[in-house]
Each structure stands twice: as C-alpha cells, then as structure tokens.
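Shown next: coords08.csv, given as CSV, C-alpha atoms and all ligand atoms.
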```csv
chain,number,residue,atom,x,y,z
A,1,MET,CA,-14.2,0.5,4.6
A,2,ILE,CA,-12.8,0.3,1.0
A,3,TYR,CA,-9.3,1.8,0.8
A,4,LEU,CA,-8.5,3.6,-2.5
A,5,ASP,CA,-5.6,5.8,-1.3
A,6,HIS,CA,-2.6,3.6,-2.0
A,7,ASN,CA,-0.5,6.6,-3.1
A,8,ALA,CA,-0.8,8.1,0.4
A,9,THR,CA,0.2,4.8,2.1
A,10,THR,CA,-0.4,1.1,1.6
A,11,PRO,CA,-1.5,-1.7,4.0
A,12,VAL,CA,1.3,-3.8,5.3
A,13,ARG,CA,1.1,-7.2,3.7
A,14,PRO,CA,0.7,-10.1,6.2
A,15,GLU,CA,3.8,-11.8,4.8
A,16,VAL,CA,5.8,-8.7,5.6
A,17,VAL,CA,4.4,-8.5,9.2
A,18,ASP,CA,5.3,-12.2,9.7
A,19,ALA,CA,8.9,-11.6,8.5
A,20,MET,CA,9.3,-8.6,10.9
A,21,LEU,CA,7.9,-10.1,14.1
A,22,PRO,CA,10.9,-12.2,15.1
A,23,TYR,CA,13.0,-9.0,15.0
A,24,LEU,CA,10.5,-7.2,17.3
A,25,ARG,CA,10.3,-10.1,19.8
A,26,GLU,CA,13.3,-12.5,20.3
A,27,SER,CA,15.9,-11.2,17.8
A,28,TYR,CA,16.4,-7.7,19.2
A,29,GLY,CA,20.2,-7.6,19.0
A,30,ASN,CA,21.9,-4.4,17.8
A,31,PRO,CA,23.3,-5.3,14.3
A,32,ASN,CA,26.6,-3.5,15.3
A,33,SER,CA,27.2,-5.9,18.2
A,34,VAL,CA,29.7,-8.7,17.7
A,35,HIS,CA,27.7,-11.3,19.7
A,36,GLN,CA,25.4,-13.9,18.1
A,37,LEU,CA,22.2,-11.9,18.8
A,38,GLY,CA,23.7,-8.9,17.1
A,39,GLN,CA,25.0,-10.9,14.2
A,40,ARG,CA,21.5,-12.4,13.6
A,41,SER,CA,20.2,-8.8,13.1
A,42,ARG,CA,23.2,-8.0,10.8
A,43,LYS,CA,22.4,-11.0,8.7
A,44,ALA,CA,18.8,-10.1,8.4
A,45,ILE,CA,19.7,-6.5,7.3
A,46,GLU,CA,22.1,-7.8,4.7
A,47,ALA,CA,19.5,-10.2,3.3
A,48,ALA,CA,17.0,-7.3,3.1
A,49,ARG,CA,19.6,-5.2,1.3
A,50,GLU,CA,19.9,-7.9,-1.3
A,51,HIS,CA,16.2,-8.0,-1.9
A,52,VAL,CA,15.9,-4.3,-2.3
A,53,ALA,CA,18.9,-4.2,-4.7
A,54,ALA,CA,17.5,-7.1,-6.7
A,55,LEU,CA,14.2,-5.3,-7.3
A,56,ILE,CA,15.9,-2.3,-8.9
A,57,GLY,CA,18.9,-4.0,-10.6
A,58,ALA,CA,21.5,-2.6,-8.1
A,59,PHE,CA,24.4,-4.1,-6.2
A,60,PRO,CA,23.6,-4.6,-2.5
A,61,ASP,CA,26.4,-2.3,-1.4
A,62,GLU,CA,24.6,0.5,-3.3
A,63,ILE,CA,21.6,0.4,-1.0
A,64,VAL,CA,21.5,2.8,2.0
A,65,PHE,CA,18.6,2.4,4.5
A,66,THR,CA,17.0,5.6,5.7
A,67,SER,CA,13.9,6.5,7.8
A,68,CYS,CA,11.6,7.7,5.0
A,69,GLY,CA,11.4,8.7,1.3
A,70,SER,CA,11.8,12.3,2.3
A,71,GLU,CA,15.1,11.5,4.0
A,72,SER,CA,16.3,9.6,0.9
A,73,ASP,CA,15.4,12.6,-1.3
A,74,ALA,CA,17.2,15.0,1.1
A,75,LEU,CA,20.3,12.8,1.4
A,76,ALA,CA,20.5,12.4,-2.4
A,77,ILE,CA,20.0,16.0,-3.4
A,78,GLN,CA,21.5,17.9,-0.5
A,79,GLY,CA,24.2,15.3,0.0
A,80,ALA,CA,25.2,15.3,-3.7
A,81,ALA,CA,25.0,19.1,-4.1
A,82,GLU,CA,27.0,19.9,-1.0
A,83,GLU,CA,29.6,17.3,-1.9
A,84,ARG,CA,30.0,18.5,-5.5
A,85,ARG,CA,30.3,22.1,-4.4
A,86,ARG,CA,32.9,21.2,-1.8
A,87,ALA,CA,34.9,19.1,-4.2
A,88,THR,CA,34.9,21.8,-6.9
A,89,ASP,CA,35.8,24.8,-4.6
A,90,GLY,CA,32.3,26.3,-5.0
A,91,HIS,CA,32.1,25.9,-8.8
A,92,LYS,CA,29.2,23.4,-8.9
A,93,ASN,CA,26.4,25.4,-7.3
A,94,HIS,CA,23.4,24.7,-9.5
A,95,VAL,CA,20.6,22.2,-9.2
A,96,VAL,CA,18.1,21.2,-11.9
A,97,THR,CA,14.7,19.8,-10.9
A,98,SER,CA,11.1,19.8,-12.2
A,99,ALA,CA,8.0,21.8,-11.5
A,100,VAL,CA,6.0,18.8,-10.4
A,101,GLU,CA,8.2,17.2,-7.7
A,102,HIS,CA,7.0,16.0,-4.3
A,103,GLU,CA,7.2,18.4,-1.4
A,104,ALA,CA,10.2,16.4,-0.1
A,105,VAL,CA,12.2,17.5,-3.1
A,106,VAL,CA,10.7,20.9,-3.4
A,107,GLN,CA,11.7,21.7,0.2
A,108,THR,CA,15.2,20.2,-0.1
A,109,CYS,CA,15.7,22.5,-3.2
A,110,ALA,CA,14.4,25.5,-1.2
A,111,GLU,CA,16.9,24.7,1.5
A,112,LEU,CA,19.7,24.6,-1.0
A,113,GLU,CA,18.6,28.0,-2.4
A,114,LYS,CA,19.0,29.4,1.1
A,115,ARG,CA,22.5,28.0,1.2
A,116,GLY,CA,23.5,29.8,-2.0
A,117,PHE,CA,22.7,27.2,-4.7
A,118,GLU,CA,20.7,28.2,-7.8
A,119,VAL,CA,17.8,26.0,-8.6
A,120,THR,CA,16.2,25.6,-12.1
A,121,LYS,CA,12.7,24.1,-12.2
A,122,VAL,CA,11.9,22.6,-15.6
A,123,ALA,CA,8.3,23.1,-16.8
A,124,CYS,CA,6.0,20.2,-17.9
A,125,ASP,CA,3.2,19.8,-20.4
A,126,ASN,CA,-0.5,19.8,-19.4
A,127,THR,CA,-0.2,16.2,-18.4
A,128,GLY,CA,2.6,16.7,-16.0
A,129,ARG,CA,5.3,15.2,-18.3
A,130,LEU,CA,8.7,16.8,-19.0
A,131,LYS,CA,10.4,17.1,-22.3
A,132,PRO,CA,13.9,15.6,-22.1
A,133,ALA,CA,15.2,18.5,-24.3
A,134,ASP,CA,14.1,21.0,-21.7
A,135,VAL,CA,16.1,19.2,-19.1
A,136,ALA,CA,19.2,19.1,-21.4
A,137,ALA,CA,18.8,22.9,-22.0
A,138,ALA,CA,18.7,23.5,-18.2
A,139,ILE,CA,22.0,21.7,-17.5
A,140,ARG,CA,25.1,24.0,-17.2
A,141,PRO,CA,28.8,23.5,-16.4
A,142,GLU,CA,28.0,24.5,-12.8
A,143,THR,CA,25.1,21.9,-12.4
A,144,ALA,CA,25.9,19.6,-9.4
A,145,VAL,CA,22.8,17.3,-9.7
A,146,VAL,CA,19.6,16.8,-11.7
A,147,SER,CA,16.5,15.5,-9.8
A,148,VAL,CA,13.4,14.4,-11.7
A,149,MET,CA,10.8,12.1,-10.2
A,150,TRP,CA,10.0,8.7,-11.8
A,151,ALA,CA,6.3,8.9,-11.3
A,152,ASN,CA,4.1,11.8,-10.0
A,153,ASN,CA,2.3,11.1,-6.8
A,154,GLU,CA,-0.8,13.2,-7.6
A,155,LEU,CA,-1.3,12.7,-11.4
A,156,GLY,CA,0.3,9.3,-11.8
A,157,THR,CA,2.3,10.6,-14.8
A,158,LEU,CA,5.5,8.8,-15.6
A,159,GLU,CA,8.5,11.0,-16.5
A,160,PRO,CA,10.9,10.2,-19.4
A,161,VAL,CA,13.6,9.1,-16.9
A,162,GLU,CA,15.5,6.9,-19.4
A,163,GLU,CA,16.0,9.8,-21.8
A,164,ILE,CA,16.9,12.1,-19.0
A,165,GLY,CA,19.4,9.6,-17.7
A,166,LYS,CA,21.1,9.4,-21.1
A,167,ILE,CA,21.4,13.2,-21.1
A,168,CYS,CA,22.8,13.3,-17.6
A,169,LYS,CA,25.3,10.6,-18.4
A,170,ALA,CA,26.5,12.4,-21.5
A,171,ALA,CA,26.7,15.8,-19.7
A,172,PRO,CA,28.1,14.3,-17.3
A,173,VAL,CA,26.1,15.2,-14.2
A,174,LEU,CA,24.7,13.3,-11.3
A,175,PHE,CA,21.0,12.2,-11.8
A,176,HIS,CA,18.7,11.5,-8.9
A,177,SER,CA,15.2,10.2,-9.4
A,178,ASP,CA,12.5,10.1,-6.7
A,179,ALA,CA,11.0,6.7,-7.5
A,180,VAL,CA,8.9,6.5,-4.3
A,181,GLN,CA,5.6,6.1,-6.3
A,182,ALA,CA,7.2,3.9,-9.0
A,183,VAL,CA,9.0,1.1,-7.2
A,184,GLY,CA,6.7,-1.9,-6.9
A,185,LYS,CA,4.2,-0.6,-9.4
A,186,VAL,CA,6.3,-0.3,-12.6
A,187,PRO,CA,9.7,-1.8,-13.6
A,188,VAL,CA,12.5,0.3,-12.2
A,189,ASP,CA,16.0,-0.5,-13.3
A,190,VAL,CA,18.8,1.8,-12.2
A,191,ASN,CA,21.1,0.9,-15.1
A,192,ALA,CA,18.5,1.2,-17.8
A,193,ALA,CA,17.7,4.7,-16.5
A,194,ASN,CA,21.3,5.6,-15.8
A,195,VAL,CA,20.5,7.1,-12.4
A,196,SER,CA,23.2,7.9,-9.9
A,197,LEU,CA,20.8,8.1,-7.0
A,198,LEU,CA,17.2,6.8,-6.5
A,199,SER,CA,14.8,7.1,-3.6
A,200,LEU,CA,12.2,4.5,-2.6
A,201,SER,CA,10.0,4.2,0.5
A,202,GLY,CA,8.6,1.2,2.4
A,203,HIS,CA,5.1,2.4,3.1
A,204,LYS,CA,4.3,2.9,-0.6
A,205,LEU,CA,5.0,-0.8,-1.4
A,206,ASN,CA,3.2,-2.6,1.4
A,207,ALA,CA,6.0,-2.4,3.9
A,208,PRO,CA,5.8,-0.3,7.1
A,209,LYS,CA,6.1,3.5,7.5
A,210,GLY,CA,9.4,4.8,8.7
A,211,VAL,CA,11.7,2.8,6.6
A,212,ALA,CA,13.1,3.6,3.1
A,213,ALA,CA,16.2,3.3,1.0
A,214,LEU,CA,18.4,5.4,-1.2
A,215,TYR,CA,20.3,3.8,-4.1
A,216,VAL,CA,23.8,5.3,-4.4
A,217,ARG,CA,25.7,4.2,-7.5
A,218,ARG,CA,29.2,2.9,-6.7
A,219,GLY,CA,31.7,5.8,-6.8
A,220,VAL,CA,29.1,8.5,-6.0
A,221,VAL,CA,30.1,10.4,-2.8
A,222,LEU,CA,27.5,12.2,-0.7
A,223,ALA,CA,27.8,14.5,2.3
A,224,PRO,CA,25.8,12.6,4.9
A,225,LEU,CA,22.9,14.2,6.7
A,226,VAL,CA,23.5,12.1,9.8
A,227,THR,CA,27.1,11.2,10.5
A,228,GLY,CA,28.0,7.9,12.0
A,229,ASN,CA,29.6,4.6,10.9
A,230,GLN,CA,26.4,2.7,10.0
A,231,GLU,CA,25.5,2.2,6.3
A,232,ARG,CA,29.2,2.6,5.3
A,233,ALA,CA,29.2,6.1,6.9
A,234,ARG,CA,26.5,7.3,4.5
A,235,ARG,CA,23.7,7.3,7.2
A,236,GLY,CA,24.5,7.1,10.9
A,237,GLY,CA,22.2,5.7,13.5
A,238,THR,CA,21.4,2.2,14.7
A,239,GLU,CA,19.4,0.4,12.0
A,240,ASN,CA,15.6,-0.1,12.3
A,241,VAL,CA,16.1,-3.9,11.9
A,242,ALA,CA,12.5,-5.1,11.9
A,243,SER,CA,11.3,-2.4,9.4
A,244,ILE,CA,14.3,-3.0,7.2
A,245,VAL,CA,13.4,-6.7,7.2
A,246,GLY,CA,9.9,-5.7,6.3
A,247,LEU,CA,11.1,-3.6,3.4
A,248,GLY,CA,13.3,-6.4,2.1
A,249,GLU,CA,10.4,-8.9,2.3
A,250,ALA,CA,8.0,-6.5,0.4
A,251,CYS,CA,10.7,-6.0,-2.3
A,252,ARG,CA,11.2,-9.8,-2.6
A,253,LEU,CA,7.4,-10.2,-3.0
A,254,TRP,CA,7.2,-7.5,-5.6
A,255,LYS,CA,10.1,-8.9,-7.6
A,256,ASP,CA,8.1,-12.1,-8.1
A,257,GLU,CA,4.6,-10.7,-8.4
A,258,GLN,CA,5.1,-7.3,-10.1
A,259,ALA,CA,4.4,-8.2,-13.7
A,260,ALA,CA,1.1,-10.0,-12.9
A,261,HIS,CA,0.1,-7.4,-10.4
A,262,ARG,CA,0.8,-4.6,-12.8
A,263,LYS,CA,-1.5,-6.2,-15.4
A,264,HIS,CA,-4.2,-6.6,-12.8
A,265,LEU,CA,-3.9,-3.0,-11.8
A,266,GLU,CA,-4.0,-1.8,-15.4
A,267,ARG,CA,-7.2,-3.8,-15.9
A,268,LEU,CA,-8.8,-2.4,-12.8
A,269,ARG,CA,-7.7,1.2,-13.7
A,270,LYS,CA,-9.4,1.0,-17.1
A,271,HIS,CA,-12.5,-0.4,-15.4
A,272,LEU,CA,-12.5,2.5,-12.9
A,273,ILE,CA,-12.0,5.1,-15.6
A,274,ALA,CA,-14.9,3.7,-17.6
A,275,GLY,CA,-17.1,3.9,-14.5
A,276,LEU,CA,-16.1,7.4,-13.7
A,277,GLU,CA,-16.6,8.6,-17.3
A,278,SER,CA,-20.2,7.5,-17.0
A,279,ILE,CA,-20.6,10.3,-14.4
A,280,GLU,CA,-21.5,13.7,-15.9
A,281,GLY,CA,-19.0,16.5,-15.6
A,282,CYS,CA,-15.9,14.3,-15.1
A,283,ARG,CA,-12.4,15.0,-16.5
A,284,ILE,CA,-9.5,12.5,-16.1
A,285,ASN,CA,-6.1,14.2,-15.7
A,286,GLY,CA,-2.6,13.1,-16.3
A,287,ASN,CA,-0.9,11.4,-19.2
A,288,PRO,CA,-3.0,9.0,-21.2
A,289,ASP,CA,0.1,7.0,-22.5
A,290,HIS,CA,2.6,7.3,-19.7
A,291,HIS,CA,1.0,6.7,-16.3
A,292,LEU,CA,1.2,4.5,-13.2
A,293,PRO,CA,-1.1,1.5,-13.4
A,294,ASN,CA,-2.9,2.4,-10.1
A,295,THR,CA,-3.6,6.1,-10.1
A,296,VAL,CA,-6.6,8.0,-11.4
A,297,HIS,CA,-6.7,11.8,-10.9
A,298,VAL,CA,-10.1,13.2,-11.8
A,299,CYS,CA,-11.8,16.6,-11.7
A,300,PHE,CA,-15.6,16.7,-11.1
A,301,ASP,CA,-17.4,19.9,-12.2
A,302,GLY,CA,-19.5,21.8,-9.7
A,303,VAL,CA,-18.2,20.3,-6.4
A,304,ASP,CA,-15.4,20.8,-4.0
A,305,GLY,CA,-12.8,18.0,-3.9
A,306,ALA,CA,-12.3,18.2,-0.1
A,307,GLN,CA,-16.1,18.0,0.5
A,308,THR,CA,-16.3,15.0,-2.0
A,309,VAL,CA,-13.6,13.2,0.0
A,310,VAL,CA,-15.5,13.7,3.2
A,311,ALA,CA,-18.8,12.6,1.6
A,312,LEU,CA,-17.1,9.5,0.2
A,313,ASP,CA,-15.5,8.8,3.6
A,314,LEU,CA,-18.9,8.8,5.2
A,315,ALA,CA,-20.0,6.4,2.6
A,316,GLY,CA,-17.1,4.1,3.5
A,317,PHE,CA,-14.4,4.9,0.8
A,318,CYS,CA,-10.9,6.4,1.5
A,319,VAL,CA,-9.6,8.6,-1.3
A,320,SER,CA,-7.6,11.8,-1.4
A,321,SER,CA,-8.2,15.3,-2.7
A,322,GLY,CA,-5.1,16.0,-4.9
A,323,SER,CA,-2.0,15.2,-2.9
A,324,ALA,CA,-2.4,13.7,0.6
A,325,CYS,CA,0.4,16.1,1.7
A,326,ALA,CA,-1.5,19.2,0.6
A,327,SER,CA,-5.1,18.3,1.5
A,328,GLY,CA,-7.2,20.9,3.2
A,329,SER,CA,-5.6,23.7,1.3
A,330,THR,CA,-7.5,26.0,-1.1
A,331,ASP,CA,-4.3,26.5,-3.1
A,332,PRO,CA,-4.4,24.5,-6.4
A,333,GLY,CA,-0.9,23.2,-5.4
A,334,HIS,CA,2.3,23.4,-7.4
A,335,VAL,CA,1.5,20.3,-9.4
A,336,MET,CA,-1.9,21.5,-10.7
A,337,SER,CA,-0.5,25.0,-11.3
A,338,ALA,CA,2.3,23.4,-13.3
A,339,ILE,CA,-0.2,21.7,-15.6
A,340,GLY,CA,-2.0,25.0,-16.1
A,341,TYR,CA,-5.0,24.6,-13.8
A,342,THR,CA,-6.3,27.5,-11.7
A,343,ALA,CA,-7.7,26.9,-8.2
A,344,ASN,CA,-11.2,27.1,-9.6
A,345,GLN,CA,-10.5,24.6,-12.5
A,346,CYS,CA,-9.3,21.9,-10.1
A,347,ARG,CA,-11.7,22.6,-7.2
A,348,GLY,CA,-13.4,19.3,-7.7
A,349,ALA,CA,-10.2,17.2,-8.0
A,350,ILE,CA,-9.8,13.9,-6.2
A,351,ARG,CA,-7.2,11.2,-6.5
A,352,VAL,CA,-8.1,7.5,-6.5
A,353,SER,CA,-5.2,5.2,-6.1
A,354,ILE,CA,-5.8,1.4,-6.1
A,355,GLY,CA,-3.4,-1.3,-5.0
A,356,TRP,CA,-2.9,-4.7,-3.4
A,357,GLY,CA,-6.3,-6.2,-2.4
A,358,THR,CA,-8.5,-3.8,-4.6
A,359,THR,CA,-11.2,-5.7,-6.5
A,360,GLU,CA,-13.5,-4.8,-9.4
A,361,GLN,CA,-16.4,-5.0,-7.0
A,362,ASP,CA,-14.7,-2.3,-4.8
A,363,LEU,CA,-14.5,-0.1,-7.8
A,364,ASP,CA,-18.1,-0.6,-8.9
A,365,ALA,CA,-19.3,0.2,-5.4
A,366,PHE,CA,-17.0,3.3,-5.4
A,367,VAL,CA,-18.4,4.6,-8.7
A,368,GLU,CA,-22.0,4.1,-7.4
A,369,ALA,CA,-21.1,5.9,-4.1
A,370,ALA,CA,-19.4,8.8,-6.1
A,371,GLN,CA,-22.5,9.2,-8.3
A,372,GLY,CA,-24.6,9.5,-5.1
A,373,ALA,CA,-22.2,11.8,-3.3
A,374,LEU,CA,-21.8,14.1,-6.4
A,375,SER,CA,-25.5,14.5,-7.1
A,376,LYS,CA,-26.1,15.4,-3.4
A,377,LEU,CA,-23.2,17.9,-3.4
A,378,ARG,CA,-24.2,19.4,-6.7
A,379,LYS,CA,-27.7,20.0,-5.5
A,380,VAL,CA,-26.4,21.8,-2.4
A,381,SER,CA,-24.0,24.0,-4.4
A,382,VAL,CA,-26.7,25.1,-7.0
B,1,LIG,N1,8.3,11.3,-3.0
B,1,LIG,C1,7.1,11.0,-3.4
B,1,LIG,C2,6.8,11.0,-4.9
B,1,LIG,C3,6.0,10.7,-2.6
B,1,LIG,O1,4.8,10.4,-3.0
B,1,LIG,C4,6.3,10.7,-1.2
B,1,LIG,C5,5.2,10.4,-0.2
B,1,LIG,O2,4.0,10.7,-0.5
B,1,LIG,C6,7.6,11.0,-0.7
B,1,LIG,C7,8.5,11.3,-1.6
B,1,LIG,C8,7.9,11.0,0.7
B,1,LIG,O3,8.0,9.7,1.2
B,1,LIG,P1,7.9,9.4,2.8
B,1,LIG,O4,6.4,9.5,3.1
B,1,LIG,O5,8.4,8.0,3.0
B,1,LIG,O6,8.7,10.4,3.5
```

Kindly present the structure from the file in structure tokens form.
Ligand code: PLP
Amino acid sequence: MIYLDHNATTPVRPEVVDAMLPYLRESYGNPNSVHQLGQRSRKAIEAAREHVAALIGAFPDEIVFTSCGSESDALAIQGAAEERRRATDGHKNHVVTSAVEHEAVVQTCAELEKRGFEVTKVACDNTGRLKPADVAAAIRPETAVVSVMWANNELGTLEPVEEIGKICKAAPVLFHSDAVQAVGKVPVDVNAANVSLLSLSGHKLNAPKGVAALYVRRGVVLAPLVTGNQERARRGGTENVASIVGLGEACRLWKDEQAAHRKHLERLRKHLIAGLESIEGCRINGNPDHHLPNTVHVCFDGVDGAQTVVALDLAGFCVSSGSACASGSTDPGHVMSAIGYTANQCRGAIRVSIGWGTTEQDLDAFVEAAQGALSKLRKVSV
C-alpha cells in the first residue's frame, strides 16, 4: 500500500512512538499531582511545550494543548469573539473569515452567527488565494477577530498571511490563522505573521491523532470552551500526557529537518506533476507560485473523482477525492465553489498529498496506476 494522503493524516514517526511509550507504560502520573510520578509527567509536558513553541517562534507559555485542530480553531475564534463581545458590552460582534476555510472554521463561524455575530467571508481568486486588500476592506470597528487559514487543505494554496497580519495589527484586530496544514511543511513564524492566535494539529505532522495546540499571544484573553485550571485556565481537563509528548517530539524533529524535507517534497511534487501532466485530460489546480510543497490537486476529464479514488485504492494507492472531510458528496464543496468550479467541472478531482517516507518510485508507480485506472474508467463512462 502506497500512502499519498498526508493531508488527511500522517503516519506517526517511530521516534515519536518511542518518545510516547514511557508515558503509556510506567510514567502514568497525573501532571497535576504533587508526587514524583505526577511531576515526571508535568516535566514531560513542559518540555513538549518548549518544542512546539520553538517550531513556530513562540514563548512556551503561549502554547495551549487541546484535543484536535478543530478544537484549537473553535477555542481561538469562538473564545476570542465571545470575549471581545463581552469586554465591549456587545459592540464587537463581527467576524471576518475566508470562503475557503476548513469545515472546523466554517462551522465555528456558523455557530457564532446563531449567537448573533455577523460573519463576512472574503472571496478568493481562482487559485484559492485571498487579496489582502479585500480582507482590509472587510474589517470594521465592530470586528472582534479575523480568521484566515495559512494553507488550504484541499488545494494546497498558501494565503498571504504576513500581509493580512500587518493589516490586522494596524487595525488593530485579533488575527487567527488555522495553520494545521502548514506547520511542519513550511516555515511558520507567529511574529513574522503578526498572528494573535494560531492552530496546529499533531496528526498532520507525524504525531498521533487527538492532540493539537493553540498559540495564544501573551495578553490575548479567550473565553474557554472547557473550564478548569489546566493550561493556565485556558483549557480544562487532565492533559493527554503521552500524546502531548508525541506532539513535542514531532515538532522537535521538524525544527531540525524541515528545511531539507521541504526541498525534498518540492522536488517530489514537481516530479509528480510532470508525471500527471503526461496523462491526457488533466488539469492541476491551486496557486502555481504560493503552494504547500506536498499537495497536488488535480481534475481528470471524463471520470468521477470518488470512483478514481476507489480504483486507485484497489491498485494499492491511498489518495483522497477533494477534501477527506467532504468525500462521498456530490456537492462541489465550498472550496471548489469559491474558486469558480461547478460540480461538473470538478467531478474528476482528486487530491494527492505526499509526505514523510514518500519516494520518487512511489510516485512513478502511482502515475502508472492512475493512467491504467483512468483509461478503464473512461472506457466505462463513454
Ligand atoms: N484545519 C485544517 C486546515 C485541516 O486540514 C484540518 C483537518 O483536516 C483541521 C483544521 C482539523 O484538524 P483535526 O483533524 O485535528 O481536528
């Protein structure tokens, strides 16, 4: 089985598993206990916090551990919006976001609308990229928070977060970025981008599922989703020690290896695109200049994306049709709609996302399998 679906989730690196195991076996203490066993867990969590902070240029006390990227997004946007509205006697009741966000952000914004907030969704161009001036135009005196993703999970397009950060700083307004698909793959620096809040998730960077973090800039106050004293009262609940250790180890590894890995992925991505372009009726989507080094979103004419995914699965390759979160749907999805595609135009869309462990041979085998699968499917659909 060749795994080419790293934007859906990634394999856990063996070094990460090794770092976690002691905290699943002998070091099971509650980090909030005063005895030695508890304090061993506390120490491990604080070391992990330092590794996560170091990867994104933050202070350790600015890192809040959560259960998933979706929770980080909800805590950032809902927590900031509710707190700003409360602190301004209802004046700050507006949120700015984009038309291409992940469902975690889309649904959080929908929930805020139900609670009486107004939400403005900034449109993008036909590659999925926003214009910073459009974000600036959407900000009003009542805006509580702006949320724009760092990298799009379906198309791989990178958003102009540094320019948007400058605009938010000057406004001034809180700026959240969902960097779940970016951290580990491209350099992410919270200060260069002037973000107030930033989400990342373990299972997208070779740590386990069910652990994530939210960066909260010093001085930014959030209304918590889960009350309790843990994580400086920003996220209650006994910490998931082993998984937090795994997230810390993955961040430590990426800090050392990111530059070399990124170059390797860029080379592989070019190789894959060259192979795919040799197939008739193939269109590569996303931004040609601003993209993740690992993601290729492609439309094949005359086939169904979901059927192509099944055919490739039978041939031993894991890829995704559009977003993993929306697969199985006949709807083009909000991201493809935002870049101007109808359901028919993106019927044959698949997403190939490479990562740690992918080789050039894997991609050559994939292109060959895709050629075979497509010619069979096209014959059937004639
Ligand atoms: N944001 C983006 C851009 C994502 O791609 C994902 C997951 O696919 C999430 C948020 C949600 O992260 P999690 O699966 O950890 O909840």

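Residue nearest ligand LIG 1 (chain B), chosen from A:Gly228, A:Gly275, A:Gly69, A:Gly316 and counting only C-alpha atoms and all ligand atoms: A:Gly69.
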
- Query: Can you find the residues with an atom no farther than 7 Å from (-13.1, 17.4, -10.8), counting only C-alpha atoms, and report them as a ChimeraX atom specification?
  - Reply: /A:282-283,298-301,305,346-350

- Item | Spatial neighbours of A:Asp18, max dist 12 Å, only C-alpha atoms, sep filter under 3 positions, as a ChimeraX atom specification | /A:12-15,21-25,207,242-243,245-246,249-250

- Task: May I have the residues within 6 Å of ligand LIG 1 (chain B), computed using only C-alpha atoms and all ligand atoms, as a PyMOL selection string?
- Result: chain A and resi 8+68-70+102+104+152-153+178+180-181+201

- Distance of atom CA of A:Arg262 from atom CA of A:Gly184, expressed in Å to one decimal place: 8.8 Å

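Pairwise distance (atom CA of A:Ala99, atom CA of A:Arg129) equals 9.9 Å.
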
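Take atom CA of A:Asp189 and atom CA of A:Lys92: the distance between them is 27.7 Å.
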
- Find the residues near stretch 81-89 of chain A: any atom within 7 Å, counting all atoms listed in the file, skip ones fewer than 4 places away on the same chain, and give them as a PyMOL selection string. chain A and resi 77+93+144-145+221-223

- Task: Pick out the closest residue to A:Gly156 from this set: A:His94, A:Arg115, A:His291, A:His203. Count only C-alpha atoms.
- Result: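 Closest candidate: A:His291.
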
- Residue nearest A:Leu55 among A:Leu155, A:Leu314, A:Val190, A:Val173 (counting all atoms listed in the file):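 That would be A:Val190, the residue with the smallest distance to A:Leu55.
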
- Task: May I have the residues within 12 Å of stretch 167-172 of chain A as an NGL selection string, using all atoms listed in the file and disregarding those fewer than 6 positions away in the same chain?
- Result: :A and (96 or 131-148 or 160-161 or 191-197)

- Query: Counting only C-alpha atoms, which of A:Lys209, A:Arg378, A:Lys43, A:His35 gets nearest to A:Gly281?
  - Reply: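 Of the candidates, the smallest distance to A:Gly281 is held by A:Arg378.
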
Hey, what's within 10 Å of A:Pro224 if we count all atoms listed in the file and toss same-chain stuff fewer than 6 positions away? As a PDB file with C-alpha atoms, keeping the file's coordinate frame, please?
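Listed below is the output, result_37.pdb:
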```pdb
ATOM      1  CA  ALA A  74      17.200  15.000   1.100  1.00  0.00           C
ATOM      2  CA  LEU A  75      20.300  12.800   1.400  1.00  0.00           C
ATOM      3  CA  ALA A  76      20.500  12.400  -2.400  1.00  0.00           C
ATOM      4  CA  GLN A  78      21.500  17.900  -0.500  1.00  0.00           C
ATOM      5  CA  GLY A  79      24.200  15.300   0.000  1.00  0.00           C
ATOM      6  CA  ALA A  80      25.200  15.300  -3.700  1.00  0.00           C
ATOM      7  CA  GLU A  82      27.000  19.900  -1.000  1.00  0.00           C
ATOM      8  CA  GLU A  83      29.600  17.300  -1.900  1.00  0.00           C
ATOM      9  CA  ALA A 233      29.200   6.100   6.900  1.00  0.00           C
ATOM     10  CA  ARG A 234      26.500   7.300   4.500  1.00  0.00           C
ATOM     11  CA  ARG A 235      23.700   7.300   7.200  1.00  0.00           C
ATOM     12  CA  GLY A 236      24.500   7.100  10.900  1.00  0.00           C
TER      13      GLY A 236
END
```

- Query: Counting only C-alpha atoms, which of A:Gly248, A:Ala179, A:Thr157, A:Lys263 gets nearest to A:Ala19?
  - Reply: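 Of all the options, A:Gly248 lies closest to A:Ala19.
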
- Query: Could you pull the residues within 9 Å of A:Val52, counting only C-alpha atoms, minus those fewer than 3 positions along the same chain, as a ChimeraX atom specification?
  - Reply: /A:47-49,55-58,60,63,213,247-252

Can you check which parts of stretch 330-371 of chain A lie within 10 Å of stretch 317-322 of chain A? Per residue, the shortest pair of atoms and distance in Å to one decimal, counting all atoms listed in the file, sorted by chain and number, as a tab-separated table.
```
residue	atom	partner	partner_atom	distance
A:Pro332	CA	A:Gly322	CA	8.7
A:Gly333	CA	A:Gly322	CA	8.4
A:Val335	CA	A:Gly322	CA	9.1
A:Met336	CA	A:Gly322	CA	8.6
A:Cys346	CA	A:Gly322	CA	8.9
A:Arg347	CA	A:Ser321	CA	9.3
A:Gly348	CA	A:Ser321	CA	8.2
A:Ala349	CA	A:Ser321	CA	6.0
A:Ile350	CA	A:Ser321	CA	4.1
A:Arg351	CA	A:Ser320	CA	5.2
A:Val352	CA	A:Val319	CA	5.5
A:Ser353	CA	A:Val319	CA	7.3
A:Ile354	CA	A:Val319	CA	9.5
A:Asp362	CA	A:Phe317	CA	9.1
A:Leu363	CA	A:Phe317	CA	9.9
A:Ala365	CA	A:Phe317	CA	9.2
A:Phe366	CA	A:Phe317	CA	6.9
A:Ala369	CA	A:Phe317	CA	8.4
A:Ala370	CA	A:Phe317	CA	9.4
```

- Can you work out which one of A:Val95, A:Ile339, A:Val34, A:Leu265 has the shortest atom-to-atom distance to A:Trp356, counting all atoms listed in the file?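 Closest candidate: A:Leu265.
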